[in-house]
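Participant: Sending over final-v3.tsv (TSV, C-alpha atoms and all ligand atoms).
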chain	number	residue	atom	x	y	z
L	18	MET	CA	90.23	-12.16	-85.68
L	19	PRO	CA	93.32	-9.94	-85.88
L	20	MET	CA	94.29	-7.81	-82.89
L	21	THR	CA	96.71	-5.03	-82.19
L	22	VAL	CA	98.27	-5.04	-78.73
L	23	TYR	CA	99.01	-1.61	-77.27
L	24	ALA	CA	101.34	-1.26	-74.29
L	25	LEU	CA	101.46	1.47	-71.69
L	26	GLU	CA	104.84	2.23	-70.13
L	27	SER	CA	104.01	0.13	-67.04
L	28	SER	CA	103.50	-3.07	-68.99
L	29	GLY	CA	105.91	-3.30	-71.94
L	30	GLY	CA	107.30	-6.72	-70.98
L	31	LEU	CA	104.01	-8.45	-70.29
L	32	ALA	CA	102.37	-6.85	-73.36
L	33	ALA	CA	105.25	-8.15	-75.51
L	34	ARG	CA	104.77	-11.66	-74.09
L	35	LEU	CA	101.02	-11.39	-74.72
L	36	ALA	CA	101.51	-10.21	-78.30
L	37	ALA	CA	104.01	-13.01	-78.89
L	38	GLY	CA	101.40	-15.45	-77.56
L	39	THR	CA	98.64	-14.25	-79.88
L	40	GLY	CA	101.01	-13.61	-82.80
L	41	ASP	CA	99.80	-10.00	-83.09
L	42	ARG	CA	101.47	-6.64	-83.51
L	43	LEU	CA	102.74	-4.69	-80.47
L	44	VAL	CA	102.52	-0.89	-80.44
L	45	PHE	CA	103.75	1.38	-77.63
L	46	VAL	CA	101.43	4.21	-76.60
L	47	GLU	CA	103.28	7.54	-76.70
L	48	LYS	CA	103.45	9.40	-73.43
L	49	LYS	CA	104.71	12.80	-72.26
L	50	GLU	CA	104.28	14.93	-69.20
L	51	PHE	CA	103.31	18.58	-69.53
L	52	PRO	CA	105.38	21.07	-67.50
L	53	ASP	CA	102.56	21.33	-64.93
L	54	GLY	CA	102.54	17.56	-64.39
L	55	GLU	CA	99.53	16.61	-66.50
L	56	THR	CA	99.79	13.48	-68.64
L	57	TYR	CA	99.67	13.43	-72.44
L	58	VAL	CA	99.20	10.22	-74.43
L	59	ARG	CA	98.84	9.48	-78.11
L	60	ILE	CA	97.98	6.34	-80.04
L	61	PRO	CA	100.63	6.43	-82.79
L	62	GLU	CA	98.78	4.15	-85.21
L	63	LYS	CA	95.29	2.77	-85.78
L	64	PRO	CA	94.60	-0.82	-84.73
L	65	GLU	CA	94.14	-3.66	-87.13
L	66	GLY	CA	91.14	-5.54	-85.75
L	67	VAL	CA	90.48	-5.43	-82.01
L	68	ALA	CA	92.57	-3.02	-79.92
L	69	VAL	CA	93.97	-4.65	-76.78
L	70	LEU	CA	95.44	-2.13	-74.35
L	71	VAL	CA	97.71	-3.46	-71.59
L	72	GLY	CA	98.21	-1.21	-68.55
L	73	SER	CA	99.02	-2.43	-65.06
L	74	LEU	CA	98.16	-0.06	-62.20
L	75	TYR	CA	101.03	-0.53	-59.75
L	76	PRO	CA	102.57	2.54	-58.05
L	77	PRO	CA	102.32	5.37	-58.90
L	78	GLN	CA	98.72	4.16	-59.26
L	79	ASP	CA	97.03	7.51	-59.73
L	80	LYS	CA	99.36	8.56	-62.57
L	81	ARG	CA	99.02	5.17	-64.24
L	82	LEU	CA	95.24	5.22	-63.89
L	83	VAL	CA	94.97	8.61	-65.62
L	84	GLU	CA	97.30	7.37	-68.38
L	85	LEU	CA	95.13	4.28	-68.85
L	86	LEU	CA	91.90	6.30	-68.94
L	87	LEU	CA	93.31	8.75	-71.50
L	88	ALA	CA	94.68	5.97	-73.71
L	89	THR	CA	91.35	4.10	-73.50
L	90	GLU	CA	89.43	7.16	-74.67
L	91	ALA	CA	91.92	7.79	-77.48
L	92	LEU	CA	91.73	4.17	-78.64
L	93	SER	CA	87.94	4.06	-78.46
L	94	ALA	CA	87.85	7.06	-80.83
L	95	VAL	CA	89.75	5.09	-83.49
L	96	SER	CA	88.27	1.69	-82.65
L	97	PRO	CA	84.70	2.13	-81.35
L	98	ASP	CA	83.28	-0.91	-79.47
L	99	ARG	CA	86.53	-2.78	-79.91
L	100	VAL	CA	88.81	-1.79	-77.04
L	101	VAL	CA	89.71	-4.59	-74.65
L	102	LEU	CA	91.63	-3.49	-71.58
L	103	VAL	CA	94.07	-5.86	-69.93
L	104	VAL	CA	94.76	-4.51	-66.45
L	105	PRO	CA	97.12	-7.09	-64.92
L	106	TYR	CA	97.12	-5.38	-61.50
L	107	LEU	CA	93.94	-3.50	-60.71
L	108	ALA	CA	94.75	-0.82	-58.14
L	109	TYR	CA	92.21	0.22	-55.51
L	110	ALA	CA	90.60	-3.25	-55.58
L	111	ARG	CA	91.01	-3.77	-51.83
L	112	GLN	CA	88.67	-0.90	-50.97
L	113	ASP	CA	85.70	-2.96	-52.13
L	114	ARG	CA	83.19	-1.73	-49.53
L	115	ARG	CA	82.65	1.10	-47.09
L	116	PHE	CA	84.55	-0.26	-44.08
L	117	LEU	CA	83.92	3.03	-42.27
L	118	GLU	CA	81.09	5.46	-42.84
L	119	GLY	CA	82.09	8.20	-45.25
L	120	GLU	CA	84.57	6.08	-47.26
L	121	PRO	CA	84.29	5.51	-51.03
L	122	ILE	CA	84.00	2.14	-52.71
L	123	SER	CA	87.21	2.76	-54.65
L	124	VAL	CA	87.06	-0.33	-56.86
L	125	LYS	CA	83.61	0.78	-58.06
L	126	VAL	CA	84.98	4.20	-59.07
L	127	VAL	CA	87.92	2.67	-60.95
L	128	LEU	CA	85.89	0.04	-62.80
L	129	LYS	CA	83.12	2.44	-63.78
L	130	SER	CA	85.70	5.01	-64.96
L	131	LEU	CA	87.40	2.46	-67.22
L	132	GLU	CA	84.07	1.54	-68.75
L	133	ALA	CA	83.05	5.21	-69.14
L	134	ALA	CA	86.35	5.98	-70.88
L	135	GLY	CA	85.42	3.55	-73.66
L	136	ALA	CA	86.46	0.01	-72.68
L	137	SER	CA	84.30	-2.62	-74.33
L	138	GLY	CA	85.84	-5.54	-72.43
L	139	LEU	CA	88.15	-5.96	-69.43
L	140	ILE	CA	90.59	-8.62	-68.26
L	141	VAL	CA	92.22	-8.44	-64.84
L	142	VAL	CA	94.47	-10.85	-62.97
L	143	ASP	CA	93.50	-12.20	-59.55
L	144	VAL	CA	91.38	-9.23	-58.50
L	145	HIS	CA	91.02	-8.91	-54.73
L	146	LYS	CA	87.27	-9.67	-54.74
L	147	PRO	CA	86.12	-11.24	-58.03
L	148	SER	CA	82.46	-10.32	-57.43
L	149	SER	CA	83.43	-6.61	-57.72
L	150	LEU	CA	83.58	-7.16	-61.49
L	151	GLU	CA	80.02	-8.50	-61.65
L	152	GLU	CA	78.83	-5.80	-59.34
L	153	TYR	CA	80.23	-2.73	-61.08
L	154	LEU	CA	80.81	-3.59	-64.75
L	155	SER	CA	78.27	-3.96	-67.53
L	156	ILE	CA	80.89	-4.90	-70.16
L	157	PRO	CA	82.18	-8.47	-70.65
L	158	HIS	CA	85.10	-9.29	-68.35
L	159	ARG	CA	87.41	-12.05	-67.13
L	160	ASN	CA	89.44	-12.55	-63.94
L	161	VAL	CA	92.51	-14.66	-64.70
L	162	VAL	CA	93.78	-16.49	-61.60
L	163	PRO	CA	97.35	-17.87	-61.84
L	164	SER	CA	96.91	-20.79	-59.42
L	165	ARG	CA	98.10	-23.38	-61.95
L	166	GLU	CA	101.19	-21.32	-62.77
L	167	ILE	CA	102.07	-20.91	-59.07
L	168	ALA	CA	101.56	-24.62	-58.43
L	169	GLU	CA	103.71	-25.52	-61.45
L	170	TYR	CA	106.52	-23.27	-60.18
L	171	PHE	CA	106.59	-25.07	-56.82
L	172	SER	CA	105.88	-28.55	-58.14
L	173	GLY	CA	108.51	-30.98	-56.82
L	174	LYS	CA	110.26	-28.29	-54.73
L	175	LEU	CA	108.33	-28.74	-51.46
L	176	SER	CA	108.34	-31.54	-48.93
L	177	ASN	CA	104.91	-32.66	-47.61
L	178	PRO	CA	103.52	-29.20	-48.48
L	179	LEU	CA	100.73	-27.31	-46.79
L	180	VAL	CA	99.35	-24.36	-48.73
L	181	LEU	CA	98.39	-21.59	-46.38
L	182	ALA	CA	96.17	-18.56	-46.89
L	183	PRO	CA	97.10	-15.60	-44.68
L	184	ASP	CA	93.41	-15.03	-43.92
L	185	ALA	CA	90.04	-16.69	-44.45
L	186	GLY	CA	89.26	-14.39	-47.41
L	187	ALA	CA	92.26	-15.75	-49.30
L	188	LEU	CA	91.33	-19.40	-48.71
L	189	GLU	CA	89.87	-20.00	-52.19
L	190	ARG	CA	93.19	-18.94	-53.78
L	191	ALA	CA	95.14	-21.30	-51.49
L	192	ARG	CA	92.65	-24.10	-52.21
L	193	ALA	CA	93.11	-23.70	-55.98
L	194	VAL	CA	96.93	-23.77	-55.73
L	195	ALA	CA	96.76	-26.76	-53.34
L	196	GLU	CA	94.49	-28.63	-55.73
L	197	HIS	CA	96.98	-28.21	-58.60
L	198	LEU	CA	99.83	-29.25	-56.27
L	199	GLY	CA	97.92	-32.19	-54.80
L	200	ALA	CA	98.49	-30.71	-51.31
L	201	GLU	CA	96.45	-29.84	-48.21
L	202	TYR	CA	95.49	-26.25	-47.45
L	203	ASP	CA	94.49	-24.12	-44.48
L	204	TYR	CA	94.39	-20.50	-43.31
L	205	ILE	CA	95.46	-18.38	-40.40
L	206	VAL	CA	93.39	-15.70	-38.75
L	207	LYS	CA	94.50	-12.11	-39.39
L	208	GLU	CA	92.85	-9.05	-37.91
L	209	ARG	CA	93.67	-5.58	-39.20
L	210	ASP	CA	92.59	-2.51	-37.20
L	211	ARG	CA	90.90	-0.38	-39.88
L	212	VAL	CA	91.86	2.87	-38.20
L	213	SER	CA	95.42	2.27	-36.92
L	214	GLY	CA	96.30	-0.32	-39.60
L	215	GLU	CA	97.88	-2.61	-36.96
L	216	VAL	CA	97.75	-6.30	-37.92
L	217	LYS	CA	97.34	-9.08	-35.34
L	218	VAL	CA	97.61	-12.78	-36.09
L	219	ARG	CA	95.82	-15.48	-34.15
L	220	PRO	CA	96.87	-19.05	-34.85
L	221	ARG	CA	94.27	-21.44	-36.21
L	222	SER	CA	94.59	-25.16	-35.52
L	223	PHE	CA	96.75	-26.36	-38.40
L	224	ASP	CA	99.64	-28.76	-38.05
L	225	VAL	CA	102.69	-27.53	-39.92
L	226	ARG	CA	105.31	-29.46	-37.94
L	227	GLY	CA	108.06	-30.76	-40.24
L	228	ARG	CA	106.24	-29.60	-43.37
L	229	ASP	CA	107.05	-27.04	-46.05
L	230	VAL	CA	104.49	-24.25	-45.98
L	231	LEU	CA	103.59	-22.25	-49.08
L	232	ILE	CA	101.78	-19.03	-48.21
L	233	VAL	CA	99.68	-17.72	-51.10
L	234	ASP	CA	98.14	-14.24	-51.26
L	235	ASP	CA	96.94	-11.89	-53.98
L	236	ILE	CA	99.05	-8.82	-53.16
L	237	VAL	CA	102.27	-8.17	-51.30
L	238	SER	CA	102.43	-4.51	-50.39
L	239	THR	CA	104.51	-3.94	-47.23
L	240	GLY	CA	105.16	-7.68	-46.84
L	241	GLY	CA	103.78	-7.47	-43.30
L	242	THR	CA	101.01	-10.02	-43.86
L	243	MET	CA	103.39	-12.63	-45.33
L	244	ALA	CA	106.02	-11.97	-42.65
L	245	LEU	CA	103.51	-12.46	-39.84
L	246	ALA	CA	102.14	-15.65	-41.37
L	247	ALA	CA	105.67	-16.99	-41.91
L	248	ARG	CA	106.74	-16.28	-38.33
L	249	GLU	CA	103.60	-18.02	-37.09
L	250	ALA	CA	104.22	-21.09	-39.27
L	251	LEU	CA	107.88	-21.28	-38.20
L	252	LYS	CA	106.91	-20.86	-34.54
L	253	GLN	CA	104.60	-23.83	-34.97
L	254	GLY	CA	107.42	-25.97	-36.36
L	255	ALA	CA	107.24	-25.63	-40.16
L	256	ALA	CA	110.34	-27.01	-41.91
L	257	GLY	CA	110.46	-24.23	-44.49
L	258	VAL	CA	108.26	-21.34	-45.53
L	259	PHE	CA	107.81	-20.11	-49.11
L	260	ALA	CA	105.67	-17.20	-50.30
L	261	ALA	CA	103.82	-16.68	-53.57
L	262	CYS	CA	101.65	-13.80	-54.68
L	263	SER	CA	100.08	-12.59	-57.89
L	264	HIS	CA	101.01	-8.94	-57.50
L	265	ALA	CA	104.42	-7.93	-56.10
L	266	VAL	CA	103.52	-4.31	-55.38
L	267	MET	CA	106.26	-4.40	-52.70
L	268	VAL	CA	106.76	-1.07	-51.03
L	269	ARG	CA	109.00	0.03	-48.14
L	270	GLY	CA	111.55	-2.81	-48.03
L	271	ALA	CA	108.89	-5.52	-48.30
L	272	LEU	CA	111.29	-8.17	-49.61
L	273	ASP	CA	113.79	-7.62	-46.80
L	274	LEU	CA	110.99	-7.83	-44.24
L	275	MET	CA	109.76	-11.13	-45.69
L	276	LEU	CA	113.20	-12.71	-45.99
L	277	SER	CA	114.13	-11.63	-42.46
L	278	SER	CA	110.98	-13.34	-41.16
L	279	GLY	CA	112.45	-16.64	-42.35
L	280	ILE	CA	110.78	-17.03	-45.77
L	281	LYS	CA	113.11	-19.03	-48.02
L	282	GLU	CA	111.80	-17.77	-51.36
L	283	VAL	CA	109.32	-15.15	-52.51
L	284	VAL	CA	107.80	-15.57	-55.95
L	285	ALA	CA	105.30	-13.45	-57.88
L	286	THR	CA	103.81	-13.20	-61.34
L	287	ASP	CA	104.72	-10.55	-63.89
L	288	THR	CA	101.60	-8.40	-63.40
L	289	VAL	CA	103.97	-6.06	-61.55
L	290	PRO	CA	107.62	-6.14	-62.65
L	291	SER	CA	109.99	-6.88	-59.74
L	292	GLN	CA	113.01	-9.00	-58.89
L	293	VAL	CA	110.69	-11.80	-57.72
L	294	SER	CA	108.28	-11.70	-60.71
L	295	LYS	CA	109.39	-15.07	-62.08
L	296	ILE	CA	106.04	-16.49	-63.23
L	297	THR	CA	104.40	-15.15	-66.38
L	298	VAL	CA	100.64	-14.83	-66.68
L	299	ALA	CA	100.90	-14.23	-70.46
L	300	PRO	CA	99.61	-17.69	-71.55
L	301	SER	CA	96.61	-17.41	-69.21
L	302	LEU	CA	95.93	-13.88	-70.46
L	303	VAL	CA	95.96	-15.18	-74.05
L	304	GLU	CA	93.40	-17.83	-73.03
L	305	GLY	CA	91.29	-15.23	-71.20
L	306	LEU	CA	91.46	-12.87	-74.15
L	307	ARG	CA	90.32	-15.55	-76.61
L	308	SER	CA	87.42	-16.51	-74.37
L	309	LEU	CA	86.43	-12.85	-73.87
L	310	LEU	CA	86.56	-12.12	-77.62
L	311	ASP	CA	84.38	-15.21	-78.28
L	312	GLU	CA	81.79	-13.66	-75.98
L	313	MET	CA	82.12	-10.13	-77.39
L	314	LEU	CA	82.29	-10.70	-81.15
Q	401	LIG	C1	94.64	-7.82	-48.09
Q	401	LIG	O1	93.44	-7.89	-47.95
Q	401	LIG	C2	95.40	-8.44	-49.22
Q	401	LIG	O2	94.82	-9.63	-49.65
Q	401	LIG	C3	96.84	-8.67	-48.81
Q	401	LIG	O3	96.87	-9.61	-47.76
Q	401	LIG	C4	97.48	-7.39	-48.34
Q	401	LIG	O4	97.31	-6.39	-49.30
Q	401	LIG	C5	98.96	-7.56	-48.08
Q	401	LIG	O5	99.47	-6.33	-47.65
Q	401	LIG	P1	100.83	-6.22	-46.88
Q	401	LIG	O6	101.88	-6.84	-47.74
Q	401	LIG	O7	101.04	-4.73	-46.72
Q	401	LIG	O8	100.68	-6.89	-45.56
Represent the structure from my file as C-alpha cells, please.
Facilitator:
Amino acid sequence: MPMTVYALESSGGLAARLAAGTGDRLVFVEKKEFPDGETYVRIPEKPEGVAVLVGSLYPPQDKRLVELLLATEALSAVSPDRVVLVVPYLAYARQDRRFLEGEPISVKVVLKSLEAAGASGLIVVDVHKPSSLEEYLSIPHRNVVPSREIAEYFSGKLSNPLVLAPDAGALERARAVAEHLGAEYDYIVKERDRVSGEVKVRPRSFDVRGRDVLIVDDIVSTGGTMALAAREALKQGAAGVFAACSHAVMVRGALDLMLSSGIKEVVATDTVPSQVSKITVAPSLVEGLRSLLDEML
C-alpha cells in the first residue's frame, strides 16, 4: 500500500528517516503565521495512498498542537478515513487524571481532539501512561517503546549494570531495557508535592555499589528527576551513572543540571530534536506503522 509522509516543522528529520524507511514520498506541510499570531497551514499536494502526518508536540506545545490539528483536518478533507498521525512526543500526557479537584484530564482532551480533527489512526512513542490510549481513543493506535534501541545503545558500554527507574511508575520501562541488556533493574521512590512541585527522593533498598547505573525515564523536562536519582545512586556508591530517556524536552538548563549531578552521559531518542537525541525511533515507527495499517486496511 503506497503512503505519502507529511512532515510538520517540528519533525522534518524524523519524518525524513521514516519516509526513507518505508520508501515513500516526503512532503512538507506549508505553514505561516498571521499578523495576529494565528497559525495557517496548507497541504501542498494530495497524498498517494495513505497520508501519514508526523508532528511531535514538544515546546511550544500549544502552537504545535494547533498546527497538528489544522493539518489533520486539511489532510482528512483530501484523504478521508486515511490519515494516520505519528505524534512522536505526545504533549500533555502526564496530566492523565484529576490529581486535584477541578483539574482537567489533559491527555483526554488532546487525544479526543486529534480524533475529532480527522485522524483515522495514531502512533505515539513511549506515552506516559499507555492505557490513556485505550481509554480515550476509538481509532486504531500503537505505542512504540524504544527499549530495544536504548539497550542496544548501551550494550557493552556498562560494567555490571543496574537499570534504574526514577519511580515505581517507570519500572516497566526500566524492566524492558534491562531485559534487552541482560541486566538487573530496580526503582527509587520519588514523591512530588502536587501543589508546590517540590520533589523528594527516598532511597529504596538497592545495591549499586561498584556498579554502573543506567537511569531510564520517559521524559526529561527540567532534568530534576534524573539529577536527584543520579545523586542518590552516587551517594550509595555507584561506579558511574548514565541517563536515557525517550523524550528530551529539556527546559531551563536541564542538561547542565544532569551533568553537574554526576551523570556521565545523557542519551535520548529523536522524538524531540536535541544535542543528546542520538537514538532514532524511525525503524520502530516503520514497524508500528505497518502493523497499524494491517489493522486499519
Ligand atoms: C514524570 O512523571 C515523568 O515520568 C518524568 O519523570 C518527569 O516528567 C521528569 O521531569 P523533570 O525532568 O522535570 O524532573
Participant: Given all atoms listed in the file as the basis, pick out the residue of L:Gly66, L:Glu90, L:Val103, L:Ala108 nearest to Ala133 of chain L.
Facilitator: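 Among the listed residues, L:Glu90 lies closest to Ala133 of chain L.
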Participant: Check every protein, DNA and RNA residue against ligand LIG 401 (chain Q), keep those with an atom at most 8 Å away (counting all atoms listed in the file), and present them as a PyMOL selection string.
Facilitator: chain L and resi 111+145+183-184+186-187+234-244+267+271
Participant: Quick one: residues within 10 Å of Met18 of chain L, only C-alpha atoms counted, chain neighbours fewer than 5 positions away excluded, as a count of residues only?
Facilitator: 7
Participant: Which of these residues is nearest to Glu118 of chain L, using all atoms listed in the file: L:Phe171, L:Val46, L:Arg211, L:Leu25?
Facilitator: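 The answer is L:Arg211, which sits nearest to Glu118 of chain L.
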Participant: Taking into account all atoms listed in the file, which residue in the set L:Val225, L:Pro77, L:Asp273, L:Arg165 is nearest to Glu196 of chain L?
Facilitator: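 Using all atoms listed in the file, Glu196 of chain L sits closest to L:Arg165.
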Participant: So for segment 137-143 of chain L, what box centre and size do we get, axis-aligned, 8 Å extra on each of the six sides, every listed atom, Å to one decimal, as lines of an AutoDock Vina configuration file?
Facilitator:
center_x = 89.4
center_y = -7.4
center_z = -66.9
size_x = 26.2
size_y = 25.6
size_z = 30.8
Participant: For Leu179 of chain L, list every protein, DNA or RNA residue within 6 Å, evaluated using only C-alpha atoms, and leave out those in the same chain fewer than 2 positions away; present the list as a PyMOL selection string.
Facilitator: chain L and resi 201-202+230
Participant: In Å, how far is it from atom CA of His158 of chain L to atom CA of Ser294 of chain L?
Facilitator: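 Atom CA of His158 of chain L sits 24.5 Å away from atom CA of Ser294 of chain L.
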Participant: Considering all atoms listed in the file, state which residue in the set L:Leu198, L:Leu245, L:Leu188, L:Val180 is at the smallest distance from Glu215 of chain L.
Facilitator: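 Checking each of L:Leu198, L:Leu245, L:Leu188, L:Val180 against Glu215 of chain L, counting all atoms listed in the file, the winner is L:Leu245.
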Participant: To one decimal place, how far is atom CA of Ala250 of chain L from atom CA of Ala182 of chain L in Å?
Facilitator: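 Taking atom CA of Ala250 of chain L and atom CA of Ala182 of chain L, their separation equals 11.4 Å.
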Participant: Here is a test: counting all atoms listed in the file, which residue of L:Ser263, L:Ser27, L:Thr297, L:Ser277 is nearest to Pro76 of chain L?
Facilitator: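 Using all atoms listed in the file, the shortest distance to Pro76 of chain L belongs to L:Ser27.
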Participant: Mind pulling up the distance from atom CA of Gly279 of chain L to atom CA of Ser213 of chain L?
Facilitator: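 Going from atom CA of Ser213 of chain L over to atom CA of Gly279 of chain L covers 26.0 Å.
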Participant: Quick one: residues within 9 Å of Glu304 of chain L, all atoms listed in the file counted, chain neighbours fewer than 5 positions away excluded, as number ranges by chain?
Facilitator: L: 161, 299, 309
Participant: Taking only C-alpha atoms into account, which of L:Arg228, L:Arg42, L:Arg269, L:Lys125 comes nearest Glu152 of chain L?
Facilitator: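 Smallest distance to Glu152 of chain L is found for L:Lys125.
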Participant: Excluding Leu231 of chain L and residues on its chain fewer than 5 positions from it, collect all residues at most 6 Å away from it, counting all atoms listed in the file, and give them as a list in words.
Facilitator: Val180, Leu181, Val258, Phe259 and Ala260 of chain L
Participant: Hey, what's within 12 Å of Leu117 of chain L if we count all atoms listed in the file and toss same-chain stuff fewer than 5 positions away? As a list in words, please?
Facilitator: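 Here the answer would be Gln112, Ile122, Asp210, Arg211 and Val212 of chain L.
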Participant: Where atoms are missing, can you supply all heavy atoms for segment 247-256 of chain L and output the lot as a PDB file, in the frame of the given file?
Facilitator:
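The result, written out as rebuild33.pdb:
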ATOM      1  N   ALA L 247     104.466 -16.142 -41.888  1.00  0.00           N
ATOM      2  CA  ALA L 247     105.670 -16.990 -41.910  1.00  0.00           C
ATOM      3  C   ALA L 247     106.190 -17.222 -40.495  1.00  0.00           C
ATOM      4  O   ALA L 247     106.509 -18.356 -40.117  1.00  0.00           O
ATOM      5  CB  ALA L 247     106.744 -16.325 -42.769  1.00  0.00           C
ATOM      6  N   ARG L 248     106.248 -16.135 -39.719  1.00  0.00           N
ATOM      7  CA  ARG L 248     106.740 -16.280 -38.330  1.00  0.00           C
ATOM      8  C   ARG L 248     105.854 -17.265 -37.564  1.00  0.00           C
ATOM      9  O   ARG L 248     106.331 -18.099 -36.807  1.00  0.00           O
ATOM     10  CB  ARG L 248     106.751 -14.928 -37.636  1.00  0.00           C
ATOM     11  CG  ARG L 248     108.030 -14.172 -37.896  1.00  0.00           C
ATOM     12  CD  ARG L 248     108.159 -12.944 -37.001  1.00  0.00           C
ATOM     13  NE  ARG L 248     108.669 -11.849 -37.791  1.00  0.00           N
ATOM     14  CZ  ARG L 248     107.967 -10.809 -38.204  1.00  0.00           C
ATOM     15  NH1 ARG L 248     106.697 -10.692 -37.864  1.00  0.00           N
ATOM     16  NH2 ARG L 248     108.509  -9.871 -38.942  1.00  0.00           N
ATOM     17  N   GLU L 249     104.552 -17.137 -37.780  1.00  0.00           N
ATOM     18  CA  GLU L 249     103.600 -18.020 -37.090  1.00  0.00           C
ATOM     19  C   GLU L 249     103.836 -19.481 -37.481  1.00  0.00           C
ATOM     20  O   GLU L 249     103.895 -20.370 -36.635  1.00  0.00           O
ATOM     21  CB  GLU L 249     102.173 -17.586 -37.473  1.00  0.00           C
ATOM     22  CG  GLU L 249     101.083 -18.243 -36.684  1.00  0.00           C
ATOM     23  CD  GLU L 249     101.255 -18.035 -35.186  1.00  0.00           C
ATOM     24  OE1 GLU L 249     101.575 -16.910 -34.747  1.00  0.00           O
ATOM     25  OE2 GLU L 249     101.098 -19.039 -34.474  1.00  0.00           O
ATOM     26  N   ALA L 250     104.003 -19.713 -38.793  1.00  0.00           N
ATOM     27  CA  ALA L 250     104.220 -21.090 -39.270  1.00  0.00           C
ATOM     28  C   ALA L 250     105.529 -21.644 -38.724  1.00  0.00           C
ATOM     29  O   ALA L 250     105.604 -22.809 -38.303  1.00  0.00           O
ATOM     30  CB  ALA L 250     104.226 -21.106 -40.797  1.00  0.00           C
ATOM     31  N   LEU L 251     106.584 -20.808 -38.706  1.00  0.00           N
ATOM     32  CA  LEU L 251     107.880 -21.280 -38.200  1.00  0.00           C
ATOM     33  C   LEU L 251     107.824 -21.550 -36.705  1.00  0.00           C
ATOM     34  O   LEU L 251     108.377 -22.522 -36.212  1.00  0.00           O
ATOM     35  CB  LEU L 251     108.982 -20.267 -38.546  1.00  0.00           C
ATOM     36  CG  LEU L 251     109.352 -20.229 -40.031  1.00  0.00           C
ATOM     37  CD1 LEU L 251     110.225 -19.021 -40.365  1.00  0.00           C
ATOM     38  CD2 LEU L 251     110.058 -21.522 -40.459  1.00  0.00           C
ATOM     39  N   LYS L 252     107.068 -20.670 -35.989  1.00  0.00           N
ATOM     40  CA  LYS L 252     106.910 -20.860 -34.540  1.00  0.00           C
ATOM     41  C   LYS L 252     106.237 -22.204 -34.263  1.00  0.00           C
ATOM     42  O   LYS L 252     106.524 -22.878 -33.291  1.00  0.00           O
ATOM     43  CB  LYS L 252     106.033 -19.726 -33.994  1.00  0.00           C
ATOM     44  CG  LYS L 252     106.533 -19.152 -32.673  1.00  0.00           C
ATOM     45  CD  LYS L 252     105.557 -18.213 -32.003  1.00  0.00           C
ATOM     46  CE  LYS L 252     105.165 -17.026 -32.852  1.00  0.00           C
ATOM     47  NZ  LYS L 252     104.054 -16.244 -32.254  1.00  0.00           N
ATOM     48  N   GLN L 253     105.323 -22.573 -35.169  1.00  0.00           N
ATOM     49  CA  GLN L 253     104.600 -23.830 -34.970  1.00  0.00           C
ATOM     50  C   GLN L 253     105.352 -25.050 -35.517  1.00  0.00           C
ATOM     51  O   GLN L 253     104.790 -26.132 -35.578  1.00  0.00           O
ATOM     52  CB  GLN L 253     103.214 -23.723 -35.609  1.00  0.00           C
ATOM     53  CG  GLN L 253     102.379 -22.660 -34.925  1.00  0.00           C
ATOM     54  CD  GLN L 253     100.913 -22.762 -35.276  1.00  0.00           C
ATOM     55  OE1 GLN L 253     100.477 -23.704 -35.939  1.00  0.00           O
ATOM     56  NE2 GLN L 253     100.138 -21.806 -34.826  1.00  0.00           N
ATOM     57  N   GLY L 254     106.587 -24.825 -36.004  1.00  0.00           N
ATOM     58  CA  GLY L 254     107.420 -25.970 -36.360  1.00  0.00           C
ATOM     59  C   GLY L 254     107.514 -26.295 -37.844  1.00  0.00           C
ATOM     60  O   GLY L 254     107.959 -27.392 -38.209  1.00  0.00           O
ATOM     61  N   ALA L 255     107.116 -25.367 -38.724  1.00  0.00           N
ATOM     62  CA  ALA L 255     107.240 -25.630 -40.160  1.00  0.00           C
ATOM     63  C   ALA L 255     108.704 -25.851 -40.521  1.00  0.00           C
ATOM     64  O   ALA L 255     109.601 -25.213 -39.947  1.00  0.00           O
ATOM     65  CB  ALA L 255     106.679 -24.454 -40.962  1.00  0.00           C
ATOM     66  N   ALA L 256     108.962 -26.742 -41.496  1.00  0.00           N
ATOM     67  CA  ALA L 256     110.340 -27.010 -41.910  1.00  0.00           C
ATOM     68  C   ALA L 256     110.873 -25.842 -42.729  1.00  0.00           C
ATOM     69  O   ALA L 256     111.995 -25.381 -42.527  1.00  0.00           O
ATOM     70  CB  ALA L 256     110.389 -28.304 -42.716  1.00  0.00           C
TER      71      ALA L 256
END
